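Source file: input29.cif (mmCIF, N, CA and C atoms)
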```
data_model
loop_
_atom_site.label_atom_id
_atom_site.label_comp_id
_atom_site.auth_asym_id
_atom_site.auth_seq_id
_atom_site.Cartn_x
_atom_site.Cartn_y
_atom_site.Cartn_z
N MET A 30 4.30 -25.90 -11.52
CA MET A 30 4.32 -24.44 -11.67
C MET A 30 3.97 -23.79 -10.34
N ALA A 31 4.76 -22.83 -9.93
CA ALA A 31 4.52 -22.14 -8.67
C ALA A 31 3.37 -21.14 -8.82
N PRO A 32 2.59 -20.94 -7.77
CA PRO A 32 1.52 -19.95 -7.83
C PRO A 32 2.09 -18.55 -8.08
N SER A 33 1.32 -17.71 -8.73
CA SER A 33 1.73 -16.32 -8.91
C SER A 33 0.79 -15.42 -8.12
N LEU A 34 1.32 -14.31 -7.66
CA LEU A 34 0.52 -13.36 -6.89
C LEU A 34 -0.37 -12.58 -7.84
N GLY A 35 -1.67 -12.70 -7.67
CA GLY A 35 -2.62 -12.04 -8.56
C GLY A 35 -3.21 -10.77 -7.98
N TYR A 36 -3.51 -10.77 -6.68
CA TYR A 36 -4.16 -9.64 -6.02
C TYR A 36 -3.55 -9.42 -4.65
N VAL A 37 -3.57 -8.17 -4.21
CA VAL A 37 -3.41 -7.80 -2.81
C VAL A 37 -4.64 -6.97 -2.50
N ILE A 38 -5.45 -7.44 -1.56
CA ILE A 38 -6.71 -6.75 -1.22
C ILE A 38 -6.68 -6.43 0.27
N LEU A 39 -6.84 -5.15 0.60
CA LEU A 39 -6.92 -4.73 2.00
C LEU A 39 -8.38 -4.56 2.38
N TYR A 40 -8.78 -5.09 3.53
CA TYR A 40 -10.12 -4.89 4.06
C TYR A 40 -10.14 -3.57 4.81
N VAL A 41 -10.98 -2.66 4.39
CA VAL A 41 -10.98 -1.30 4.95
C VAL A 41 -12.35 -0.93 5.51
N ARG A 42 -12.35 -0.06 6.51
CA ARG A 42 -13.60 0.39 7.14
C ARG A 42 -14.34 1.39 6.27
N ASP A 43 -13.63 2.37 5.73
CA ASP A 43 -14.24 3.46 4.97
C ASP A 43 -13.66 3.45 3.56
N LEU A 44 -14.37 2.84 2.63
CA LEU A 44 -13.87 2.67 1.27
C LEU A 44 -13.54 4.02 0.62
N ALA A 45 -14.41 5.00 0.76
CA ALA A 45 -14.19 6.31 0.13
C ALA A 45 -12.91 6.96 0.64
N ALA A 46 -12.69 6.94 1.96
CA ALA A 46 -11.48 7.54 2.53
C ALA A 46 -10.24 6.80 2.06
N SER A 47 -10.32 5.50 1.95
CA SER A 47 -9.16 4.72 1.51
C SER A 47 -8.87 4.94 0.03
N ILE A 48 -9.91 5.10 -0.78
CA ILE A 48 -9.70 5.42 -2.19
C ILE A 48 -8.96 6.74 -2.31
N VAL A 49 -9.41 7.74 -1.56
CA VAL A 49 -8.74 9.06 -1.60
C VAL A 49 -7.28 8.92 -1.20
N PHE A 50 -6.99 8.14 -0.14
CA PHE A 50 -5.62 7.98 0.32
C PHE A 50 -4.74 7.34 -0.76
N TYR A 51 -5.17 6.20 -1.29
CA TYR A 51 -4.33 5.49 -2.26
C TYR A 51 -4.26 6.21 -3.61
N ARG A 52 -5.31 6.92 -3.98
CA ARG A 52 -5.30 7.66 -5.24
C ARG A 52 -4.55 8.99 -5.10
N ASP A 53 -4.90 9.79 -4.09
CA ASP A 53 -4.39 11.15 -3.99
C ASP A 53 -3.11 11.28 -3.18
N VAL A 54 -2.89 10.42 -2.20
CA VAL A 54 -1.70 10.50 -1.37
C VAL A 54 -0.61 9.58 -1.92
N VAL A 55 -0.91 8.29 -2.06
CA VAL A 55 0.09 7.36 -2.59
C VAL A 55 0.33 7.62 -4.07
N GLY A 56 -0.74 7.99 -4.80
CA GLY A 56 -0.58 8.32 -6.22
C GLY A 56 -0.89 7.19 -7.17
N LEU A 57 -1.65 6.17 -6.72
CA LEU A 57 -2.02 5.08 -7.62
C LEU A 57 -3.12 5.52 -8.58
N ALA A 58 -3.08 5.00 -9.78
CA ALA A 58 -4.12 5.29 -10.77
C ALA A 58 -5.36 4.45 -10.40
N PHE A 59 -6.47 5.14 -10.18
CA PHE A 59 -7.73 4.48 -9.80
C PHE A 59 -8.36 3.85 -11.04
N ARG A 60 -8.76 2.57 -10.95
CA ARG A 60 -9.38 1.89 -12.09
C ARG A 60 -10.90 1.93 -12.00
N PHE A 61 -11.49 1.40 -10.91
CA PHE A 61 -12.94 1.38 -10.79
C PHE A 61 -13.36 1.04 -9.36
N GLN A 62 -14.66 1.26 -9.11
CA GLN A 62 -15.28 0.91 -7.83
C GLN A 62 -16.59 0.23 -8.14
N ASP A 63 -16.90 -0.87 -7.42
CA ASP A 63 -18.15 -1.58 -7.63
C ASP A 63 -18.45 -2.46 -6.41
N ALA A 64 -19.63 -2.33 -5.87
CA ALA A 64 -20.13 -3.19 -4.79
C ALA A 64 -19.14 -3.37 -3.64
N GLY A 65 -18.67 -2.23 -3.09
CA GLY A 65 -17.80 -2.29 -1.94
C GLY A 65 -16.36 -2.64 -2.25
N TYR A 66 -16.00 -2.65 -3.53
CA TYR A 66 -14.68 -3.03 -3.99
C TYR A 66 -14.11 -1.90 -4.83
N ALA A 67 -12.82 -1.61 -4.69
CA ALA A 67 -12.16 -0.60 -5.51
C ALA A 67 -10.82 -1.15 -5.94
N GLU A 68 -10.46 -0.86 -7.20
CA GLU A 68 -9.21 -1.40 -7.74
C GLU A 68 -8.38 -0.29 -8.37
N PHE A 69 -7.06 -0.47 -8.29
CA PHE A 69 -6.11 0.50 -8.81
C PHE A 69 -5.24 -0.16 -9.87
N ALA A 70 -4.71 0.64 -10.78
CA ALA A 70 -3.82 0.14 -11.83
C ALA A 70 -2.42 0.00 -11.26
N THR A 71 -1.96 -1.24 -11.10
CA THR A 71 -0.63 -1.49 -10.54
C THR A 71 0.10 -2.57 -11.33
N GLU A 72 -0.03 -2.56 -12.61
CA GLU A 72 0.63 -3.50 -13.51
C GLU A 72 0.16 -4.93 -13.26
N ALA A 73 1.06 -5.90 -13.16
CA ALA A 73 0.69 -7.32 -13.16
C ALA A 73 -0.12 -7.75 -11.95
N THR A 74 0.27 -7.33 -10.75
CA THR A 74 -0.47 -7.71 -9.54
C THR A 74 -1.50 -6.63 -9.25
N ARG A 75 -2.73 -7.05 -9.02
CA ARG A 75 -3.79 -6.07 -8.74
C ARG A 75 -3.77 -5.66 -7.28
N PHE A 76 -3.97 -4.37 -7.04
CA PHE A 76 -4.09 -3.84 -5.69
C PHE A 76 -5.51 -3.34 -5.54
N ALA A 77 -6.18 -3.79 -4.48
CA ALA A 77 -7.59 -3.45 -4.33
C ALA A 77 -7.95 -3.25 -2.86
N LEU A 78 -9.10 -2.62 -2.66
CA LEU A 78 -9.68 -2.39 -1.33
C LEU A 78 -11.05 -3.04 -1.31
N TYR A 79 -11.45 -3.55 -0.15
CA TYR A 79 -12.75 -4.17 0.00
C TYR A 79 -13.32 -3.76 1.34
N GLU A 80 -14.58 -3.37 1.37
CA GLU A 80 -15.20 -2.93 2.61
C GLU A 80 -15.18 -4.06 3.64
N GLN A 81 -14.79 -3.71 4.86
CA GLN A 81 -14.67 -4.71 5.92
C GLN A 81 -15.98 -5.46 6.14
N ARG A 82 -17.11 -4.75 6.15
CA ARG A 82 -18.39 -5.44 6.42
C ARG A 82 -18.68 -6.50 5.37
N ARG A 83 -18.27 -6.25 4.14
CA ARG A 83 -18.46 -7.25 3.08
C ARG A 83 -17.45 -8.39 3.23
N ALA A 84 -16.24 -8.06 3.70
CA ALA A 84 -15.23 -9.09 3.94
C ALA A 84 -15.69 -10.05 5.03
N ASP A 85 -16.35 -9.51 6.05
CA ASP A 85 -16.91 -10.37 7.10
C ASP A 85 -17.88 -11.38 6.50
N TRP A 86 -18.73 -10.93 5.60
CA TRP A 86 -19.69 -11.81 4.93
C TRP A 86 -18.95 -12.82 4.05
N LEU A 87 -17.96 -12.33 3.29
CA LEU A 87 -17.22 -13.18 2.35
C LEU A 87 -16.49 -14.30 3.07
N THR A 88 -15.85 -13.99 4.19
CA THR A 88 -15.04 -14.97 4.91
C THR A 88 -15.80 -15.70 6.01
N ASN A 89 -17.03 -15.27 6.25
CA ASN A 89 -17.86 -15.84 7.31
C ASN A 89 -17.15 -15.74 8.68
N SER A 90 -16.44 -14.64 8.87
CA SER A 90 -15.76 -14.40 10.14
C SER A 90 -15.54 -12.91 10.31
N ARG A 91 -15.17 -12.50 11.49
CA ARG A 91 -14.90 -11.09 11.78
C ARG A 91 -13.48 -10.75 11.30
N THR A 92 -13.37 -9.78 10.41
CA THR A 92 -12.07 -9.34 9.95
C THR A 92 -11.71 -8.04 10.65
N ALA A 93 -10.43 -7.80 10.80
CA ALA A 93 -9.98 -6.59 11.49
C ALA A 93 -8.90 -5.91 10.65
N PRO A 94 -9.20 -4.76 10.07
CA PRO A 94 -8.19 -4.05 9.28
C PRO A 94 -7.01 -3.58 10.12
N GLY A 95 -5.87 -3.42 9.46
CA GLY A 95 -4.59 -2.88 9.93
C GLY A 95 -4.42 -2.86 11.43
N PRO A 96 -3.27 -2.56 11.90
CA PRO A 96 -2.03 -2.25 11.18
C PRO A 96 -1.09 -3.44 11.06
N ALA A 97 -1.60 -4.65 11.05
CA ALA A 97 -0.74 -5.84 11.03
C ALA A 97 -0.30 -6.21 9.62
N ALA A 98 -0.12 -5.23 8.78
CA ALA A 98 0.33 -5.51 7.42
C ALA A 98 1.04 -4.28 6.86
N GLU A 99 1.89 -4.53 5.88
CA GLU A 99 2.58 -3.45 5.19
C GLU A 99 2.47 -3.69 3.70
N VAL A 100 2.22 -2.65 2.96
CA VAL A 100 2.18 -2.71 1.51
C VAL A 100 3.32 -1.84 1.00
N VAL A 101 4.12 -2.37 0.08
CA VAL A 101 5.28 -1.64 -0.44
C VAL A 101 5.04 -1.31 -1.91
N PHE A 102 5.21 -0.04 -2.24
CA PHE A 102 5.14 0.42 -3.62
C PHE A 102 6.51 0.94 -4.01
N MET A 103 7.02 0.45 -5.11
CA MET A 103 8.32 0.89 -5.61
C MET A 103 8.14 2.21 -6.36
N VAL A 104 9.03 3.16 -6.07
CA VAL A 104 8.98 4.49 -6.70
C VAL A 104 10.38 4.85 -7.21
N GLU A 105 10.44 5.85 -8.06
CA GLU A 105 11.71 6.30 -8.62
C GLU A 105 12.53 7.14 -7.64
N ASP A 106 11.85 8.00 -6.84
CA ASP A 106 12.55 8.97 -6.00
C ASP A 106 11.81 9.14 -4.68
N VAL A 107 12.27 8.46 -3.64
CA VAL A 107 11.63 8.51 -2.33
C VAL A 107 11.64 9.93 -1.76
N ASP A 108 12.73 10.66 -1.96
CA ASP A 108 12.81 12.01 -1.41
C ASP A 108 11.77 12.94 -2.03
N ALA A 109 11.56 12.81 -3.33
CA ALA A 109 10.52 13.61 -4.00
C ALA A 109 9.14 13.21 -3.48
N GLU A 110 8.93 11.92 -3.25
CA GLU A 110 7.66 11.45 -2.70
C GLU A 110 7.46 11.99 -1.28
N ALA A 111 8.51 12.05 -0.49
CA ALA A 111 8.41 12.58 0.87
C ALA A 111 7.98 14.04 0.83
N ARG A 112 8.59 14.82 -0.06
CA ARG A 112 8.20 16.23 -0.19
C ARG A 112 6.73 16.35 -0.62
N ARG A 113 6.34 15.54 -1.60
CA ARG A 113 4.96 15.58 -2.11
C ARG A 113 3.97 15.21 -1.01
N LEU A 114 4.27 14.16 -0.25
CA LEU A 114 3.37 13.72 0.82
C LEU A 114 3.24 14.77 1.91
N ARG A 115 4.36 15.38 2.28
CA ARG A 115 4.30 16.42 3.31
C ARG A 115 3.48 17.63 2.84
N GLU A 116 3.62 17.97 1.55
CA GLU A 116 2.82 19.08 0.99
C GLU A 116 1.34 18.75 1.04
N LEU A 117 1.00 17.47 0.93
CA LEU A 117 -0.40 17.04 1.03
C LEU A 117 -0.89 16.96 2.47
N GLY A 118 0.03 17.12 3.43
CA GLY A 118 -0.34 17.05 4.84
C GLY A 118 -0.31 15.66 5.42
N ALA A 119 0.25 14.70 4.68
CA ALA A 119 0.34 13.33 5.19
C ALA A 119 1.37 13.26 6.31
N THR A 120 1.13 12.40 7.27
CA THR A 120 2.06 12.19 8.36
C THR A 120 3.05 11.11 7.96
N VAL A 121 4.30 11.47 7.88
CA VAL A 121 5.35 10.51 7.57
C VAL A 121 5.77 9.84 8.87
N LEU A 122 5.70 8.52 8.92
CA LEU A 122 6.05 7.76 10.12
C LEU A 122 7.55 7.58 10.25
N SER A 123 8.23 7.36 9.12
CA SER A 123 9.68 7.21 9.16
C SER A 123 10.25 7.47 7.77
N GLY A 124 11.50 7.90 7.77
CA GLY A 124 12.21 8.11 6.52
C GLY A 124 12.07 9.52 6.00
N PRO A 125 12.66 9.72 4.84
CA PRO A 125 13.40 8.75 4.04
C PRO A 125 14.66 8.27 4.74
N ALA A 126 14.95 6.99 4.55
CA ALA A 126 16.13 6.38 5.17
C ALA A 126 16.66 5.28 4.26
N ASP A 127 17.99 5.19 4.18
CA ASP A 127 18.64 4.11 3.44
C ASP A 127 18.64 2.86 4.30
N ARG A 128 18.25 1.75 3.69
CA ARG A 128 18.20 0.47 4.40
C ARG A 128 19.30 -0.45 3.85
N PRO A 129 19.89 -1.28 4.70
CA PRO A 129 21.00 -2.11 4.25
C PRO A 129 20.62 -3.15 3.19
N TRP A 130 19.34 -3.47 3.07
CA TRP A 130 18.91 -4.48 2.10
C TRP A 130 18.72 -3.92 0.69
N GLY A 131 19.04 -2.63 0.50
CA GLY A 131 19.02 -2.08 -0.85
C GLY A 131 17.81 -1.26 -1.20
N HIS A 132 17.19 -0.64 -0.22
CA HIS A 132 16.06 0.26 -0.46
C HIS A 132 16.25 1.56 0.31
N ARG A 133 15.80 2.65 -0.25
CA ARG A 133 15.61 3.91 0.48
C ARG A 133 14.11 3.95 0.71
N THR A 134 13.68 4.08 1.97
CA THR A 134 12.26 3.91 2.29
C THR A 134 11.65 5.11 2.99
N LEU A 135 10.35 5.16 2.90
CA LEU A 135 9.51 6.16 3.54
C LEU A 135 8.24 5.43 3.97
N HIS A 136 7.77 5.68 5.19
CA HIS A 136 6.57 4.99 5.69
C HIS A 136 5.49 5.99 6.09
N VAL A 137 4.26 5.68 5.69
CA VAL A 137 3.07 6.43 6.10
C VAL A 137 2.01 5.40 6.48
N ALA A 138 0.96 5.85 7.17
CA ALA A 138 -0.15 4.96 7.53
C ALA A 138 -1.38 5.36 6.74
N ASP A 139 -2.13 4.35 6.29
CA ASP A 139 -3.38 4.64 5.58
C ASP A 139 -4.49 4.88 6.60
N PRO A 140 -5.72 5.19 6.16
CA PRO A 140 -6.79 5.49 7.12
C PRO A 140 -7.12 4.37 8.10
N ASP A 141 -6.81 3.11 7.76
CA ASP A 141 -7.06 1.99 8.66
C ASP A 141 -5.84 1.60 9.47
N GLY A 142 -4.74 2.31 9.30
CA GLY A 142 -3.53 2.01 10.04
C GLY A 142 -2.57 1.06 9.35
N PHE A 143 -2.92 0.58 8.13
CA PHE A 143 -1.97 -0.23 7.38
C PHE A 143 -0.75 0.62 7.09
N ILE A 144 0.42 0.03 7.20
CA ILE A 144 1.65 0.75 6.92
C ILE A 144 1.91 0.68 5.42
N VAL A 145 2.15 1.83 4.81
CA VAL A 145 2.46 1.92 3.39
C VAL A 145 3.90 2.38 3.28
N GLU A 146 4.70 1.57 2.63
CA GLU A 146 6.10 1.91 2.41
C GLU A 146 6.29 2.28 0.95
N LEU A 147 6.95 3.39 0.72
CA LEU A 147 7.40 3.75 -0.62
C LEU A 147 8.88 3.47 -0.63
N ALA A 148 9.34 2.69 -1.59
CA ALA A 148 10.74 2.24 -1.60
C ALA A 148 11.38 2.52 -2.95
N GLN A 149 12.63 2.88 -2.89
CA GLN A 149 13.44 3.15 -4.06
C GLN A 149 14.63 2.21 -4.01
N ASP A 150 14.96 1.55 -5.12
CA ASP A 150 16.14 0.70 -5.16
C ASP A 150 17.41 1.53 -5.03
N ILE A 151 18.31 1.10 -4.16
CA ILE A 151 19.64 1.69 -4.00
C ILE A 151 20.63 0.53 -3.88
N PRO A 152 21.92 0.79 -3.94
CA PRO A 152 22.88 -0.31 -3.77
C PRO A 152 22.74 -0.98 -2.41
N ARG A 153 22.78 -2.30 -2.42
CA ARG A 153 22.66 -3.10 -1.20
C ARG A 153 23.93 -3.00 -0.37
N ARG A 154 23.79 -2.77 0.95
CA ARG A 154 24.94 -2.68 1.85
C ARG A 154 25.17 -3.98 2.62
N ARG A 155 24.20 -4.88 2.55
CA ARG A 155 24.32 -6.13 3.29
C ARG A 155 23.98 -7.30 2.35
N ARG A 156 24.78 -8.33 2.40
CA ARG A 156 24.53 -9.51 1.56
C ARG A 156 23.46 -10.41 2.20
N ARG A 157 22.73 -11.10 1.35
CA ARG A 157 21.76 -12.08 1.85
C ARG A 157 22.49 -13.31 2.33
N ARG A 158 21.96 -13.92 3.36
CA ARG A 158 22.58 -15.13 3.91
C ARG A 158 22.03 -16.36 3.23
#
```

Structure re-expressed in structure tokens:
Amino acid sequence: MAPSLGYVILYVRDLAASIVFYRDVVGLAFRFQDAGYAEFATEATRFALYEQRRADWLTNSRTAPGPAAEVVFMVEDVDAEARRLRELGATVLSGPADRPWGHRTLHVADPDGFIVELAQDIPRRRRRR
């Protein structure tokens, strides 16, 4: 049996600021916060944040948040999300743009510099090799 993805956890510097970003800007439903950890309702795979200082302790090494990662959230309407994000004052890094692999995408950065992509399924223009 192949492993299944259970969690995606980002190590963040400021847990409160990151909660506000993912809850109020990205629009994820906030589940709970406890001991430097915060979790959001994202169906089967859990999406969570963990304070960097605690991650250093957990991994027994120095961790460095973003921007060497991207998190993708699937949405129904990227253009509506772009309008909503701009109304909130979020800085859109790129998009909305149609991608040949079958997504219409929009990119923003979270407080730690992680790239957050909002993607909408569209017809694929390029076949997989």

Non-local contacts of stretch 75-92 of chain A (7 Å; all atoms listed in the file; under 2 positions in same chain excluded) as a list in words: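 So the residues in contact are Leu34, Gly35, Tyr36, Val37, Ile38, Leu39, Tyr40, Val41, Arg42, Asp43, Leu44, Ala64, Gly65, Tyr66, Ala67, Glu68, Phe69, Ala70, Thr71, Glu72, Ala73 and Pro94 of chain A.
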
Length of the atom CA of A:Glu99 to atom CA of A:Gly131 vector [Å]: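 For atom CA of A:Glu99 relative to atom CA of A:Gly131, the distance reads 17.6 Å.
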
Strand (DSSP E or B) residues, from DSSP on the backbone, in chain A, as a PyMOL selection string: chain A and resi 36-41+58-63+66-70+75-80+99-103+121-128+132-138+144-150

Take the residues that were just selected and, keeping N, CA and C atoms, output them as a CSV table (one decimal), in the frame of the given file.
```csv
chain,number,residue,atom,x,y,z
A,36,TYR,N,-3.5,-10.8,-6.7
A,36,TYR,CA,-4.2,-9.6,-6.0
A,36,TYR,C,-3.6,-9.4,-4.6
A,37,VAL,N,-3.6,-8.2,-4.2
A,37,VAL,CA,-3.4,-7.8,-2.8
A,37,VAL,C,-4.6,-7.0,-2.5
A,38,ILE,N,-5.4,-7.4,-1.6
A,38,ILE,CA,-6.7,-6.8,-1.2
A,38,ILE,C,-6.7,-6.4,0.3
A,39,LEU,N,-6.8,-5.2,0.6
A,39,LEU,CA,-6.9,-4.7,2.0
A,39,LEU,C,-8.4,-4.6,2.4
A,40,TYR,N,-8.8,-5.1,3.5
A,40,TYR,CA,-10.1,-4.9,4.1
A,40,TYR,C,-10.1,-3.6,4.8
A,41,VAL,N,-11.0,-2.7,4.4
A,41,VAL,CA,-11.0,-1.3,5.0
A,41,VAL,C,-12.4,-0.9,5.5
A,58,ALA,N,-3.1,5.0,-9.8
A,58,ALA,CA,-4.1,5.3,-10.8
A,58,ALA,C,-5.4,4.4,-10.4
A,59,PHE,N,-6.5,5.1,-10.2
A,59,PHE,CA,-7.7,4.5,-9.8
A,59,PHE,C,-8.4,3.8,-11.0
A,60,ARG,N,-8.8,2.6,-11.0
A,60,ARG,CA,-9.4,1.9,-12.1
A,60,ARG,C,-10.9,1.9,-12.0
A,61,PHE,N,-11.5,1.4,-10.9
A,61,PHE,CA,-12.9,1.4,-10.8
A,61,PHE,C,-13.4,1.0,-9.4
A,62,GLN,N,-14.7,1.3,-9.1
A,62,GLN,CA,-15.3,0.9,-7.8
A,62,GLN,C,-16.6,0.2,-8.1
A,63,ASP,N,-16.9,-0.9,-7.4
A,63,ASP,CA,-18.2,-1.6,-7.6
A,63,ASP,C,-18.4,-2.5,-6.4
A,66,TYR,N,-16.0,-2.6,-3.5
A,66,TYR,CA,-14.7,-3.0,-4.0
A,66,TYR,C,-14.1,-1.9,-4.8
A,67,ALA,N,-12.8,-1.6,-4.7
A,67,ALA,CA,-12.2,-0.6,-5.5
A,67,ALA,C,-10.8,-1.2,-5.9
A,68,GLU,N,-10.5,-0.9,-7.2
A,68,GLU,CA,-9.2,-1.4,-7.7
A,68,GLU,C,-8.4,-0.3,-8.4
A,69,PHE,N,-7.1,-0.5,-8.3
A,69,PHE,CA,-6.1,0.5,-8.8
A,69,PHE,C,-5.2,-0.2,-9.9
A,70,ALA,N,-4.7,0.6,-10.8
A,70,ALA,CA,-3.8,0.1,-11.8
A,70,ALA,C,-2.4,0.0,-11.3
A,75,ARG,N,-2.7,-7.0,-9.0
A,75,ARG,CA,-3.8,-6.1,-8.7
A,75,ARG,C,-3.8,-5.7,-7.3
A,76,PHE,N,-4.0,-4.4,-7.0
A,76,PHE,CA,-4.1,-3.8,-5.7
A,76,PHE,C,-5.5,-3.3,-5.5
A,77,ALA,N,-6.2,-3.8,-4.5
A,77,ALA,CA,-7.6,-3.4,-4.3
A,77,ALA,C,-8.0,-3.2,-2.9
A,78,LEU,N,-9.1,-2.6,-2.7
A,78,LEU,CA,-9.7,-2.4,-1.3
A,78,LEU,C,-11.0,-3.0,-1.3
A,79,TYR,N,-11.4,-3.6,-0.2
A,79,TYR,CA,-12.8,-4.2,0.0
A,79,TYR,C,-13.3,-3.8,1.3
A,80,GLU,N,-14.6,-3.4,1.4
A,80,GLU,CA,-15.2,-2.9,2.6
A,80,GLU,C,-15.2,-4.1,3.6
A,99,GLU,N,1.9,-4.5,5.9
A,99,GLU,CA,2.6,-3.4,5.2
A,99,GLU,C,2.5,-3.7,3.7
A,100,VAL,N,2.2,-2.6,3.0
A,100,VAL,CA,2.2,-2.7,1.5
A,100,VAL,C,3.3,-1.8,1.0
A,101,VAL,N,4.1,-2.4,0.1
A,101,VAL,CA,5.3,-1.6,-0.4
A,101,VAL,C,5.0,-1.3,-1.9
A,102,PHE,N,5.2,0.0,-2.2
A,102,PHE,CA,5.1,0.4,-3.6
A,102,PHE,C,6.5,0.9,-4.0
A,103,MET,N,7.0,0.4,-5.1
A,103,MET,CA,8.3,0.9,-5.6
A,103,MET,C,8.1,2.2,-6.4
A,121,VAL,N,4.3,11.5,7.9
A,121,VAL,CA,5.4,10.5,7.6
A,121,VAL,C,5.8,9.8,8.9
A,122,LEU,N,5.7,8.5,8.9
A,122,LEU,CA,6.0,7.8,10.1
A,122,LEU,C,7.6,7.6,10.2
A,123,SER,N,8.2,7.4,9.1
A,123,SER,CA,9.7,7.2,9.2
A,123,SER,C,10.2,7.5,7.8
A,124,GLY,N,11.5,7.9,7.8
A,124,GLY,CA,12.2,8.1,6.5
A,124,GLY,C,12.1,9.5,6.0
A,125,PRO,N,12.7,9.7,4.8
A,125,PRO,CA,13.4,8.8,4.0
A,125,PRO,C,14.7,8.3,4.7
A,126,ALA,N,15.0,7.0,4.6
A,126,ALA,CA,16.1,6.4,5.2
A,126,ALA,C,16.7,5.3,4.3
A,127,ASP,N,18.0,5.2,4.2
A,127,ASP,CA,18.6,4.1,3.4
A,127,ASP,C,18.6,2.9,4.3
A,128,ARG,N,18.2,1.8,3.7
A,128,ARG,CA,18.2,0.5,4.4
A,128,ARG,C,19.3,-0.4,3.8
A,132,HIS,N,17.2,-0.6,-0.2
A,132,HIS,CA,16.1,0.3,-0.5
A,132,HIS,C,16.2,1.6,0.3
A,133,ARG,N,15.8,2.6,-0.2
A,133,ARG,CA,15.6,3.9,0.5
A,133,ARG,C,14.1,4.0,0.7
A,134,THR,N,13.7,4.1,2.0
A,134,THR,CA,12.3,3.9,2.3
A,134,THR,C,11.6,5.1,3.0
A,135,LEU,N,10.4,5.2,2.9
A,135,LEU,CA,9.5,6.2,3.5
A,135,LEU,C,8.2,5.4,4.0
A,136,HIS,N,7.8,5.7,5.2
A,136,HIS,CA,6.6,5.0,5.7
A,136,HIS,C,5.5,6.0,6.1
A,137,VAL,N,4.3,5.7,5.7
A,137,VAL,CA,3.1,6.4,6.1
A,137,VAL,C,2.0,5.4,6.5
A,138,ALA,N,1.0,5.8,7.2
A,138,ALA,CA,-0.2,5.0,7.5
A,138,ALA,C,-1.4,5.4,6.7
A,144,ILE,N,0.4,0.0,7.2
A,144,ILE,CA,1.6,0.8,6.9
A,144,ILE,C,1.9,0.7,5.4
A,145,VAL,N,2.2,1.8,4.8
A,145,VAL,CA,2.5,1.9,3.4
A,145,VAL,C,3.9,2.4,3.3
A,146,GLU,N,4.7,1.6,2.6
A,146,GLU,CA,6.1,1.9,2.4
A,146,GLU,C,6.3,2.3,1.0
A,147,LEU,N,7.0,3.4,0.7
A,147,LEU,CA,7.4,3.8,-0.6
A,147,LEU,C,8.9,3.5,-0.6
A,148,ALA,N,9.3,2.7,-1.6
A,148,ALA,CA,10.7,2.2,-1.6
A,148,ALA,C,11.4,2.5,-3.0
A,149,GLN,N,12.6,2.9,-2.9
A,149,GLN,CA,13.4,3.2,-4.1
A,149,GLN,C,14.6,2.2,-4.0
A,150,ASP,N,15.0,1.6,-5.1
A,150,ASP,CA,16.1,0.7,-5.2
A,150,ASP,C,17.4,1.5,-5.0
```

Within-6 Å shell of (23.6, -0.3, 2.5) in input frame, all atoms listed in the file, as a list in words: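 Here is the list of nearby residues: Arg128, Pro129, Trp130, Gly131, Pro152, Arg153, Arg154 and Arg155 of chain A.
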
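Atom CA of A:Val54 is found 8.7 Å from atom C of A:Ala119.
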
Residue nearest A:Val104 - candidates A:Leu147, A:Leu117, A:Leu122, A:Ile48, atoms counted: all atoms listed in the file: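 Selected residue with least distance to A:Val104: A:Leu147.
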